[in-house]
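Asker: Sharing target.cif below, mmCIF, C-alpha atoms and all ligand atoms:
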```cif
data_coords
loop_
_atom_site.group_PDB
_atom_site.id
_atom_site.type_symbol
_atom_site.label_atom_id
_atom_site.label_comp_id
_atom_site.auth_asym_id
_atom_site.auth_seq_id
_atom_site.Cartn_x
_atom_site.Cartn_y
_atom_site.Cartn_z
ATOM 1 C CA MET Q 1197 130.039 9.330 202.918
ATOM 2 C CA THR Q 1198 132.430 12.234 203.272
ATOM 3 C CA ASP Q 1199 131.613 15.348 205.280
ATOM 4 C CA ASP Q 1200 134.919 16.906 204.290
ATOM 5 C CA PRO Q 1201 134.257 20.379 202.823
ATOM 6 C CA LEU Q 1202 136.564 19.763 199.857
ATOM 7 C CA GLY Q 1203 134.888 16.434 199.051
ATOM 8 C CA LEU Q 1204 131.479 18.105 199.258
ATOM 9 C CA LEU Q 1205 132.739 20.969 197.101
ATOM 10 C CA ALA Q 1206 133.748 18.540 194.352
ATOM 11 C CA ILE Q 1207 130.155 17.264 194.253
ATOM 12 C CA ALA Q 1208 128.702 20.807 194.352
ATOM 13 C CA GLU Q 1209 130.900 21.897 191.455
ATOM 14 C CA GLU Q 1210 130.170 18.845 189.339
ATOM 15 C CA ALA Q 1211 126.427 19.277 189.948
ATOM 16 C CA ALA Q 1212 126.472 23.013 189.134
ATOM 17 C CA ARG Q 1213 128.487 22.490 185.941
ATOM 18 C CA ARG Q 1214 126.241 19.653 184.753
ATOM 19 C CA ALA Q 1215 123.062 21.659 185.409
ATOM 20 C CA GLY Q 1216 124.714 24.687 183.756
ATOM 21 C CA GLU Q 1217 125.449 22.727 180.582
ATOM 22 C CA LEU Q 1218 121.818 21.612 180.465
ATOM 23 C CA VAL Q 1219 120.679 25.237 180.842
ATOM 24 C CA ARG Q 1220 123.088 26.372 178.132
ATOM 25 C CA ALA Q 1221 121.869 23.638 175.765
ATOM 26 C CA SER Q 1222 118.246 24.716 176.339
ATOM 27 C CA GLY Q 1223 118.972 27.950 174.475
ATOM 28 C CA PRO Q 1224 118.729 31.184 176.494
ATOM 29 C CA GLY Q 1225 116.682 33.850 174.732
ATOM 30 C CA ARG Q 1226 114.682 31.302 172.760
ATOM 31 C CA ILE Q 1227 112.507 29.827 175.482
ATOM 32 C CA ALA Q 1228 109.007 30.090 176.866
ATOM 33 C CA VAL Q 1229 107.640 30.908 180.307
ATOM 34 C CA GLU Q 1230 106.050 27.802 181.841
ATOM 35 C CA ALA Q 1231 104.526 29.341 184.971
ATOM 36 C CA THR Q 1232 104.671 32.356 187.251
ATOM 37 C CA LYS Q 1233 105.268 32.450 191.020
ATOM 38 C CA SER Q 1234 105.100 35.401 193.442
ATOM 39 C CA SER Q 1235 104.010 37.866 190.712
ATOM 40 C CA PRO Q 1236 103.311 37.780 186.924
ATOM 41 C CA THR Q 1237 106.940 38.778 186.306
ATOM 42 C CA ASP Q 1238 108.408 36.032 188.541
ATOM 43 C CA VAL Q 1239 108.767 33.312 185.917
ATOM 44 C CA VAL Q 1240 109.701 29.637 185.676
ATOM 45 C CA THR Q 1241 110.978 28.107 182.436
ATOM 46 C CA ALA Q 1242 111.250 24.458 181.438
ATOM 47 C CA ALA Q 1243 115.015 24.809 181.892
ATOM 48 C CA ASP Q 1244 114.590 25.848 185.577
ATOM 49 C CA ARG Q 1245 112.606 22.665 186.175
ATOM 50 C CA ALA Q 1246 114.837 20.363 184.143
ATOM 51 C CA ALA Q 1247 117.993 21.713 185.803
ATOM 52 C CA GLU Q 1248 116.543 21.259 189.295
ATOM 53 C CA GLU Q 1249 115.483 17.714 188.366
ATOM 54 C CA LEU Q 1250 119.020 16.957 187.206
ATOM 55 C CA LEU Q 1251 120.455 18.350 190.445
ATOM 56 C CA ARG Q 1252 118.009 16.376 192.612
ATOM 57 C CA ALA Q 1253 118.657 13.126 190.721
ATOM 58 C CA MET Q 1254 122.430 13.487 190.987
ATOM 59 C CA LEU Q 1255 122.330 14.411 194.682
ATOM 60 C CA ALA Q 1256 119.906 11.571 195.507
ATOM 61 C CA GLN Q 1257 122.368 9.155 193.956
ATOM 62 C CA ARG Q 1258 125.563 10.589 195.492
ATOM 63 C CA ARG Q 1259 124.201 11.852 198.825
ATOM 64 C CA PRO Q 1260 121.046 9.852 199.648
ATOM 65 C CA GLU Q 1261 121.087 10.812 203.339
ATOM 66 C CA ASP Q 1262 121.219 14.569 202.787
ATOM 67 C CA GLY Q 1263 118.198 16.853 202.410
ATOM 68 C CA VAL Q 1264 117.554 19.059 199.370
ATOM 69 C CA LEU Q 1265 116.003 22.526 199.283
ATOM 70 C CA GLY Q 1266 115.444 23.860 195.777
ATOM 71 C CA GLU Q 1267 113.803 26.984 194.384
ATOM 72 C CA GLU Q 1268 111.288 25.102 192.234
ATOM 73 C CA GLU Q 1269 110.452 21.960 194.243
ATOM 74 C CA GLY Q 1270 110.874 22.974 197.873
ATOM 75 C CA TRP Q 1271 112.485 21.116 200.780
ATOM 76 C CA VAL Q 1272 112.890 17.395 201.270
ATOM 77 C CA ALA Q 1273 114.533 16.811 204.671
ATOM 78 C CA GLY Q 1274 117.389 14.317 205.061
ATOM 79 C CA THR Q 1275 118.864 12.428 208.010
ATOM 80 C CA SER Q 1276 122.524 13.513 207.890
ATOM 81 C CA GLY Q 1277 122.187 17.119 209.132
ATOM 82 C CA LEU Q 1278 123.335 18.386 205.717
ATOM 83 C CA THR Q 1279 121.038 19.978 203.125
ATOM 84 C CA TRP Q 1280 121.819 20.850 199.509
ATOM 85 C CA VAL Q 1281 120.380 24.278 198.740
ATOM 86 C CA VAL Q 1282 120.046 24.799 195.002
ATOM 87 C CA ASP Q 1283 118.915 27.507 192.609
ATOM 88 C CA PRO Q 1284 118.761 25.872 189.162
ATOM 89 C CA ILE Q 1285 118.833 29.242 187.357
ATOM 90 C CA ASP Q 1286 119.552 32.403 189.289
ATOM 91 C CA GLY Q 1287 118.791 35.249 186.914
ATOM 92 C CA THR Q 1288 115.869 33.575 185.154
ATOM 93 C CA VAL Q 1289 114.675 36.850 183.597
ATOM 94 C CA ASN Q 1290 118.130 37.397 182.059
ATOM 95 C CA TYR Q 1291 118.020 33.824 180.772
ATOM 96 C CA LEU Q 1292 114.584 34.435 179.270
ATOM 97 C CA TYR Q 1293 115.785 37.529 177.415
ATOM 98 C CA GLY Q 1294 119.165 36.107 176.423
ATOM 99 C CA ILE Q 1295 121.109 38.542 178.635
ATOM 100 C CA PRO Q 1296 124.366 36.760 179.542
ATOM 101 C CA ALA Q 1297 124.149 36.996 183.348
ATOM 102 C CA PHE Q 1298 122.707 33.886 184.968
ATOM 103 C CA ALA Q 1299 124.088 31.085 187.072
ATOM 104 C CA VAL Q 1300 123.456 27.757 188.737
ATOM 105 C CA SER Q 1301 123.952 27.909 192.503
ATOM 106 C CA VAL Q 1302 124.634 24.749 194.525
ATOM 107 C CA ALA Q 1303 125.447 24.890 198.248
ATOM 108 C CA VAL Q 1304 125.576 22.290 200.982
ATOM 109 C CA VAL Q 1305 124.664 23.635 204.412
ATOM 110 C CA SER Q 1306 124.743 22.216 207.921
ATOM 111 C CA GLY Q 1307 121.949 22.961 210.397
ATOM 112 C CA ARG Q 1308 118.417 24.212 209.724
ATOM 113 C CA PRO Q 1309 118.028 25.940 206.340
ATOM 114 C CA ASP Q 1310 114.525 27.103 207.351
ATOM 115 C CA VAL Q 1311 115.793 29.070 210.372
ATOM 116 C CA VAL Q 1312 117.488 32.468 209.992
ATOM 117 C CA GLY Q 1313 121.027 32.089 211.312
ATOM 118 C CA GLY Q 1314 120.366 28.367 211.905
ATOM 119 C CA TRP Q 1315 122.591 27.113 209.108
ATOM 120 C CA GLU Q 1316 126.119 27.458 207.781
ATOM 121 C CA THR Q 1317 127.382 26.785 204.276
ATOM 122 C CA VAL Q 1318 129.994 24.013 204.207
ATOM 123 C CA ALA Q 1319 130.755 24.172 200.470
ATOM 124 C CA GLY Q 1320 129.272 25.862 197.441
ATOM 125 C CA CYS Q 1321 129.602 26.572 193.745
ATOM 126 C CA VAL Q 1322 128.113 29.353 191.656
ATOM 127 C CA TYR Q 1323 128.510 28.452 187.995
ATOM 128 C CA ASP Q 1324 128.257 31.431 185.644
ATOM 129 C CA VAL Q 1325 126.707 29.703 182.640
ATOM 130 C CA PRO Q 1326 127.363 32.251 179.826
ATOM 131 C CA LEU Q 1327 130.999 32.809 180.873
ATOM 132 C CA GLY Q 1328 131.598 29.169 181.840
ATOM 133 C CA GLN Q 1329 133.250 30.338 185.084
ATOM 134 C CA ALA Q 1330 132.933 28.584 188.445
ATOM 135 C CA PHE Q 1331 133.112 30.395 191.784
ATOM 136 C CA THR Q 1332 133.773 27.784 194.474
ATOM 137 C CA ALA Q 1333 134.319 27.816 198.245
ATOM 138 C CA ALA Q 1334 134.842 25.328 201.062
ATOM 139 C CA ARG Q 1335 134.447 26.336 204.702
ATOM 140 C CA GLY Q 1336 137.806 27.116 206.291
ATOM 141 C CA ARG Q 1337 139.666 26.261 203.072
ATOM 142 C CA GLY Q 1338 139.150 29.309 200.850
ATOM 143 C CA ALA Q 1339 137.353 30.476 197.741
ATOM 144 C CA TRP Q 1340 138.339 30.219 194.104
ATOM 145 C CA LEU Q 1341 137.403 31.485 190.666
ATOM 146 C CA ASP Q 1342 138.100 28.737 188.149
ATOM 147 C CA GLY Q 1343 140.553 27.204 190.597
ATOM 148 C CA ARG Q 1344 142.493 30.430 191.255
ATOM 149 C CA PRO Q 1345 142.274 31.588 194.887
ATOM 150 C CA LEU Q 1346 140.195 34.698 195.522
ATOM 151 C CA SER Q 1347 142.465 36.772 197.676
ATOM 152 C CA ARG Q 1348 141.733 37.461 201.344
ATOM 153 C CA ALA Q 1349 144.589 39.962 201.355
ATOM 154 C CA PRO Q 1350 143.559 43.327 202.774
ATOM 155 C CA ARG Q 1351 142.939 45.770 199.955
ATOM 156 C CA GLU Q 1352 141.976 49.375 199.845
ATOM 157 C CA VAL Q 1353 138.299 49.660 200.640
ATOM 158 C CA PRO Q 1354 136.599 52.774 199.273
ATOM 159 C CA ALA Q 1355 134.463 55.091 201.346
ATOM 160 C CA LEU Q 1356 130.741 54.939 200.627
ATOM 161 C CA ASP Q 1357 130.821 57.907 198.234
ATOM 162 C CA GLN Q 1358 133.382 56.098 196.062
ATOM 163 C CA ALA Q 1359 131.742 52.673 196.208
ATOM 164 C CA LEU Q 1360 130.244 50.822 193.237
ATOM 165 C CA VAL Q 1361 127.214 49.150 194.771
ATOM 166 C CA ALA Q 1362 125.257 46.258 193.242
ATOM 167 C CA THR Q 1363 121.669 45.636 194.247
ATOM 168 C CA GLY Q 1364 118.509 43.881 193.111
ATOM 169 C CA PHE Q 1365 114.748 44.211 193.321
ATOM 170 C CA GLY Q 1366 111.976 41.840 194.306
ATOM 171 C CA TYR Q 1367 109.131 40.795 192.058
ATOM 172 C CA ARG Q 1368 106.211 42.429 193.939
ATOM 173 C CA SER Q 1369 105.396 46.063 193.206
ATOM 174 C CA GLU Q 1370 104.932 47.156 196.876
ATOM 175 C CA ARG Q 1371 108.405 45.831 197.646
ATOM 176 C CA ARG Q 1372 109.829 47.613 194.619
ATOM 177 C CA ARG Q 1373 108.278 50.895 195.702
ATOM 178 C CA ALA Q 1374 110.104 50.582 199.039
ATOM 179 C CA GLN Q 1375 113.337 49.581 197.279
ATOM 180 C CA ALA Q 1376 113.054 52.602 194.969
ATOM 181 C CA ARG Q 1377 112.668 54.856 198.023
ATOM 182 C CA VAL Q 1378 115.909 53.503 199.457
ATOM 183 C CA LEU Q 1379 117.717 54.106 196.164
ATOM 184 C CA LEU Q 1380 116.381 57.636 195.984
ATOM 185 C CA HIS Q 1381 118.511 58.403 199.041
ATOM 186 C CA LEU Q 1382 121.433 56.082 198.382
ATOM 187 C CA LEU Q 1383 122.132 56.668 194.684
ATOM 188 C CA PRO Q 1384 123.291 60.305 195.094
ATOM 189 C CA ARG Q 1385 125.710 59.180 197.831
ATOM 190 C CA VAL Q 1386 127.646 56.390 196.082
ATOM 191 C CA ARG Q 1387 129.852 56.129 192.971
ATOM 192 C CA ASP Q 1388 127.082 54.297 191.113
ATOM 193 C CA VAL Q 1389 124.650 51.416 191.326
ATOM 194 C CA ARG Q 1390 124.444 48.203 189.248
ATOM 195 C CA ARG Q 1391 121.325 46.001 188.864
ATOM 196 C CA VAL Q 1392 122.521 43.048 186.829
ATOM 197 C CA GLY Q 1393 119.740 40.619 187.794
ATOM 198 C CA CYS Q 1394 121.550 37.638 189.286
ATOM 199 C CA SER Q 1395 122.026 37.818 193.045
ATOM 200 C CA ALA Q 1396 124.456 34.883 193.248
ATOM 201 C CA LEU Q 1397 126.769 36.573 190.740
ATOM 202 C CA ASP Q 1398 126.324 39.950 192.472
ATOM 203 C CA LEU Q 1399 127.575 38.490 195.737
ATOM 204 C CA CYS Q 1400 130.426 36.592 194.055
ATOM 205 C CA GLY Q 1401 131.208 39.848 192.257
ATOM 206 C CA VAL Q 1402 132.036 41.494 195.598
ATOM 207 C CA ALA Q 1403 134.358 38.571 196.382
ATOM 208 C CA ALA Q 1404 136.093 39.040 193.018
ATOM 209 C CA GLY Q 1405 136.395 42.848 193.415
ATOM 210 C CA ARG Q 1406 133.978 43.591 190.542
ATOM 211 C CA TYR Q 1407 131.775 45.572 192.926
ATOM 212 C CA ASP Q 1408 132.657 47.199 196.216
ATOM 213 C CA ALA Q 1409 129.366 46.212 197.827
ATOM 214 C CA TYR Q 1410 126.052 44.468 197.276
ATOM 215 C CA PHE Q 1411 122.786 44.629 199.144
ATOM 216 C CA GLU Q 1412 119.304 43.292 198.612
ATOM 217 C CA ARG Q 1413 116.069 42.765 200.513
ATOM 218 C CA GLY Q 1414 113.942 39.680 199.823
ATOM 219 C CA LEU Q 1415 116.544 37.090 198.882
ATOM 220 C CA HIS Q 1416 115.780 33.432 199.490
ATOM 221 C CA THR Q 1417 118.290 31.014 200.987
ATOM 222 C CA TRP Q 1418 118.909 29.409 197.572
ATOM 223 C CA ASP Q 1419 119.828 32.802 196.058
ATOM 224 C CA PHE Q 1420 122.783 33.335 198.383
ATOM 225 C CA ALA Q 1421 123.743 30.101 200.227
ATOM 226 C CA ALA Q 1422 126.666 29.278 197.894
ATOM 227 C CA ALA Q 1423 127.810 32.835 197.124
ATOM 228 C CA TYR Q 1424 127.718 33.670 200.854
ATOM 229 C CA LEU Q 1425 130.623 31.284 201.455
ATOM 230 C CA VAL Q 1426 132.485 32.456 198.336
ATOM 231 C CA ALA Q 1427 132.265 35.975 199.778
ATOM 232 C CA THR Q 1428 133.165 35.216 203.403
ATOM 233 C CA GLU Q 1429 136.042 32.924 202.409
ATOM 234 C CA SER Q 1430 137.370 35.881 200.375
ATOM 235 C CA GLY Q 1431 137.345 38.161 203.408
ATOM 236 C CA VAL Q 1432 134.056 39.898 202.597
ATOM 237 C CA THR Q 1433 131.649 40.638 205.463
ATOM 238 C CA VAL Q 1434 128.106 39.410 204.782
ATOM 239 C CA THR Q 1435 125.544 40.638 207.272
ATOM 240 C CA GLY Q 1436 121.876 41.375 207.792
ATOM 241 C CA GLY Q 1437 122.810 44.639 209.530
ATOM 242 C CA GLY Q 1438 122.489 45.462 213.241
ATOM 243 C CA GLY Q 1439 124.424 42.322 214.231
ATOM 244 C CA ARG Q 1440 121.903 40.041 212.513
ATOM 245 C CA PRO Q 1441 122.764 37.295 210.030
ATOM 246 C CA PRO Q 1442 121.817 37.864 206.387
ATOM 247 C CA SER Q 1443 118.264 36.792 205.633
ATOM 248 C CA GLU Q 1444 115.229 37.504 203.518
ATOM 249 C CA GLU Q 1445 114.939 40.807 205.424
ATOM 250 C CA LEU Q 1446 118.275 42.160 204.262
ATOM 251 C CA LEU Q 1447 121.685 41.057 203.026
ATOM 252 C CA VAL Q 1448 124.604 43.477 202.875
ATOM 253 C CA ALA Q 1449 128.053 42.455 201.611
ATOM 254 C CA ALA Q 1450 131.281 44.457 201.447
ATOM 255 C CA ARG Q 1451 134.724 44.492 202.970
ATOM 256 C CA ASP Q 1452 134.997 46.291 206.280
ATOM 257 C CA PRO Q 1453 134.714 49.123 207.107
ATOM 258 C CA LEU Q 1454 132.434 49.737 204.095
ATOM 259 C CA ALA Q 1455 130.150 46.847 205.171
ATOM 260 C CA ARG Q 1456 129.542 48.549 208.528
ATOM 261 C CA THR Q 1457 128.944 52.000 207.023
ATOM 262 C CA LEU Q 1458 126.632 50.716 204.288
ATOM 263 C CA ALA Q 1459 124.648 48.427 206.619
ATOM 264 C CA ALA Q 1460 124.115 51.279 209.088
ATOM 265 C CA GLU Q 1461 123.055 53.593 206.273
ATOM 266 C CA LEU Q 1462 120.628 51.016 204.867
ATOM 267 C CA LEU Q 1463 119.024 50.366 208.249
ATOM 268 C CA GLU Q 1464 118.683 54.101 208.706
ATOM 269 C CA LEU Q 1465 116.878 54.251 205.343
ATOM 270 C CA GLY Q 1466 114.589 51.376 206.340
ATOM 271 C CA ALA Q 1467 115.957 48.995 203.679
ATOM 272 C CA ASP Q 1468 114.930 46.035 205.844
ATOM 273 C CA ALA Q 1469 111.215 46.896 205.675
ATOM 274 C CA ASP Q 1470 108.569 47.490 202.993
HETATM 275 C C1 LIG P 1 116.326 36.625 191.335
HETATM 276 C C2 LIG P 1 117.651 37.255 190.907
HETATM 277 C C3 LIG P 1 117.580 38.753 190.999
HETATM 278 C C4 LIG P 1 117.201 39.221 192.393
HETATM 279 C C5 LIG P 1 115.895 38.563 192.837
HETATM 280 C C6 LIG P 1 116.006 37.045 192.753
HETATM 281 P P1 LIG P 1 115.650 34.292 190.169
HETATM 282 O O1 LIG P 1 116.408 35.207 191.314
HETATM 283 O O2 LIG P 1 118.697 36.780 191.690
HETATM 284 O O3 LIG P 1 118.824 39.357 190.711
HETATM 285 O O4 LIG P 1 117.058 40.615 192.383
HETATM 286 O O5 LIG P 1 115.683 38.935 194.188
HETATM 287 O O6 LIG P 1 114.775 36.464 193.124
HETATM 288 O O7 LIG P 1 114.183 34.548 190.338
HETATM 289 O O8 LIG P 1 116.175 34.743 188.871
HETATM 290 O O9 LIG P 1 116.078 32.908 190.538
HETATM 291 CA CA CA P 2 117.401 33.122 192.432
#
```
Output the structure of this file as structure tokens.
Answerer:
Amino acid sequence: MTDDPLGLLAIAEEAARRAGELVRASGPGRIAVEATKSSPTDVVTAADRAAEELLRAMLAQRRPEDGVLGEEEGWVAGTSGLTWVVDPIDGTVNYLYGIPAFAVSVAVVSGRPDVVGGWETVAGCVYDVPLGQAFTAARGRGAWLDGRPLSRAPREVPALDQALVATGFGYRSERRRAQARVLLHLLPRVRDVRRVGCSALDLCGVAAGRYDAYFERGLHTWDFAAAYLVATESGVTVTGGGGRPPSEELLVAARDPLARTLAAELLELGADAD
């Protein structure tokens, strides 16, 4: 079995595209909620479950020694030191309403996916289902959008007051109250804010230059494991702020020096706490 990042990327991309086609065929905007998770608005559809099943079946066949951590079915440890971290539909609420912003995220990580800073993404693919676009990255090899390299070339990075900043909110109301407080202070100090509803695409959007920055509190490993590598391989800094790795507490992504300014500002505003 290969451990070569490009070989692993080929599997990640095939898996994400296959799951994405299943999700597309299940008819966004015409589907029912099957269950709820952390709050009544945190939903699971049949397509989330079917897509994760497809991913698990394919990975079990191709990579039987690797572990799998998925949003719907949890973690099954492997023996190889590699774990596939998958989000079958990131942006489930958009999918439910037929808003064209959702993706399948497939990453393969080395190390301990249950330990903050204990893992590294080796390869990953975020497949934007409505647009049919694939963001891909392989550690040390680069990042691509539909096969075209995402440039690492230094570009002009705006100051905070000119930055278009993407963010997202959690599903629990206490968390949202805290997130609203942060925005109350931040929104008047930036160009504008976007809340599209798909964290994997938000993070890839910074890599592609669609946003200048992205931050969110409360992300799970499967939300960002693939997009994290797409961003860092494109020259974007992804941090938890204060020298910490990104985690459920906080993830901040931008090119430097904006990443430093925004992370410091967010910590000052208490964006890493409820
Ligand atoms: C959610 C989306 C959303 C973000 C939430 C995530 P899900 O993932 O990425 O944009 O704000 O934090 O939980 O539930 O659609 O897979
Ligand atoms: Ca998600």
Asker: Considering all atoms listed in the file, return as a PyMOL selection string whatever protein or nucleic-acid residues lie within 6 Å of Q:Ser1347, sequence-local ones (same chain, fewer than 2 positions apart) excluded.
Answerer: chain Q and resi 1345+1349+1430
Asker: For atom CA of Q:Glu1261 and atom CA of Q:Val1322, determine how far apart the two atoms are, in Å to one decimal place.
Answerer: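 Computed distance, atom CA of Q:Glu1261 to atom CA of Q:Val1322, equals 23.0 Å.
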Asker: Step by step, work through what the PyMOL selection byres (((chain Q and resi 1295-1297) around 12) and not hetatm) selects in the shown file, and finish by giving those residues as a short mmCIF file (atom, residue, chain, number, x, y, z; two decimals) with C-alpha atoms, keeping the file's coordinate frame.
Answerer:
```cif
data_model
loop_
_atom_site.label_atom_id
_atom_site.label_comp_id
_atom_site.auth_asym_id
_atom_site.auth_seq_id
_atom_site.Cartn_x
_atom_site.Cartn_y
_atom_site.Cartn_z
CA ARG Q 1220 123.09 26.37 178.13
CA GLY Q 1223 118.97 27.95 174.48
CA PRO Q 1224 118.73 31.18 176.49
CA GLY Q 1225 116.68 33.85 174.73
CA ARG Q 1226 114.68 31.30 172.76
CA ILE Q 1285 118.83 29.24 187.36
CA ASP Q 1286 119.55 32.40 189.29
CA GLY Q 1287 118.79 35.25 186.91
CA THR Q 1288 115.87 33.58 185.15
CA VAL Q 1289 114.68 36.85 183.60
CA ASN Q 1290 118.13 37.40 182.06
CA TYR Q 1291 118.02 33.82 180.77
CA LEU Q 1292 114.58 34.44 179.27
CA TYR Q 1293 115.78 37.53 177.42
CA GLY Q 1294 119.16 36.11 176.42
CA PHE Q 1298 122.71 33.89 184.97
CA ALA Q 1299 124.09 31.08 187.07
CA VAL Q 1300 123.46 27.76 188.74
CA VAL Q 1322 128.11 29.35 191.66
CA TYR Q 1323 128.51 28.45 188.00
CA ASP Q 1324 128.26 31.43 185.64
CA VAL Q 1325 126.71 29.70 182.64
CA PRO Q 1326 127.36 32.25 179.83
CA LEU Q 1327 131.00 32.81 180.87
CA GLY Q 1328 131.60 29.17 181.84
CA GLN Q 1329 133.25 30.34 185.08
CA ARG Q 1391 121.32 46.00 188.86
CA VAL Q 1392 122.52 43.05 186.83
CA GLY Q 1393 119.74 40.62 187.79
CA CYS Q 1394 121.55 37.64 189.29
CA SER Q 1395 122.03 37.82 193.04
CA ALA Q 1396 124.46 34.88 193.25
CA LEU Q 1397 126.77 36.57 190.74
CA ASP Q 1398 126.32 39.95 192.47
CA GLY Q 1401 131.21 39.85 192.26
#
```
Asker: Using all atoms of stretch 1360-1375 of chain Q listed in the file and a margin of 6 Å per side, can you give the axis-aligned box centre and edge lengths in Å to one decimal, as lines of an AutoDock Vina configuration file?
Answerer:
```
center_x = 117.6
center_y = 45.8
center_z = 195.5
size_x = 37.3
size_y = 22.1
size_z = 19.0
```
Asker: Would you compute the distance between atom CA of Q:Gly1270 and atom CA of Q:Ser1443? Give it in Å to one decimal.
Answerer: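 Calculated distance between atom CA of Q:Gly1270 and atom CA of Q:Ser1443 is 17.5 Å.
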Asker: Using only C-alpha atoms for the distances, tell me which of Q:Gly1263, Q:Gly1216, Q:Gly1364, Q:Gly1343 is nearest to Q:Trp1280.
Answerer: Q:Gly1263
Asker: Quick one: distance from atom CA of Q:Val1240 to atom O6 of ligand LIG 1 (chain P) in Å, one decimal?
Answerer: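 The value is 11.3 Å.
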Asker: Give me the result of the PyMOL selection byres (((chain Q and resi 1251) around 10) and not hetatm) on this file, residue by residue, as number ranges by chain.
Answerer: Q: 1208, 1210-1212, 1214-1215, 1245-1250, 1252-1256, 1264, 1266, 1280, 1282-1284, 1302
Asker: Evaluate the PyMOL selection byres (((chain Q and resi 1275) around 12) and not hetatm) against this structure - the residues, as a PyMOL selection string, please.
Answerer: chain Q and resi 1259-1264+1272-1274+1276-1279+1306-1308
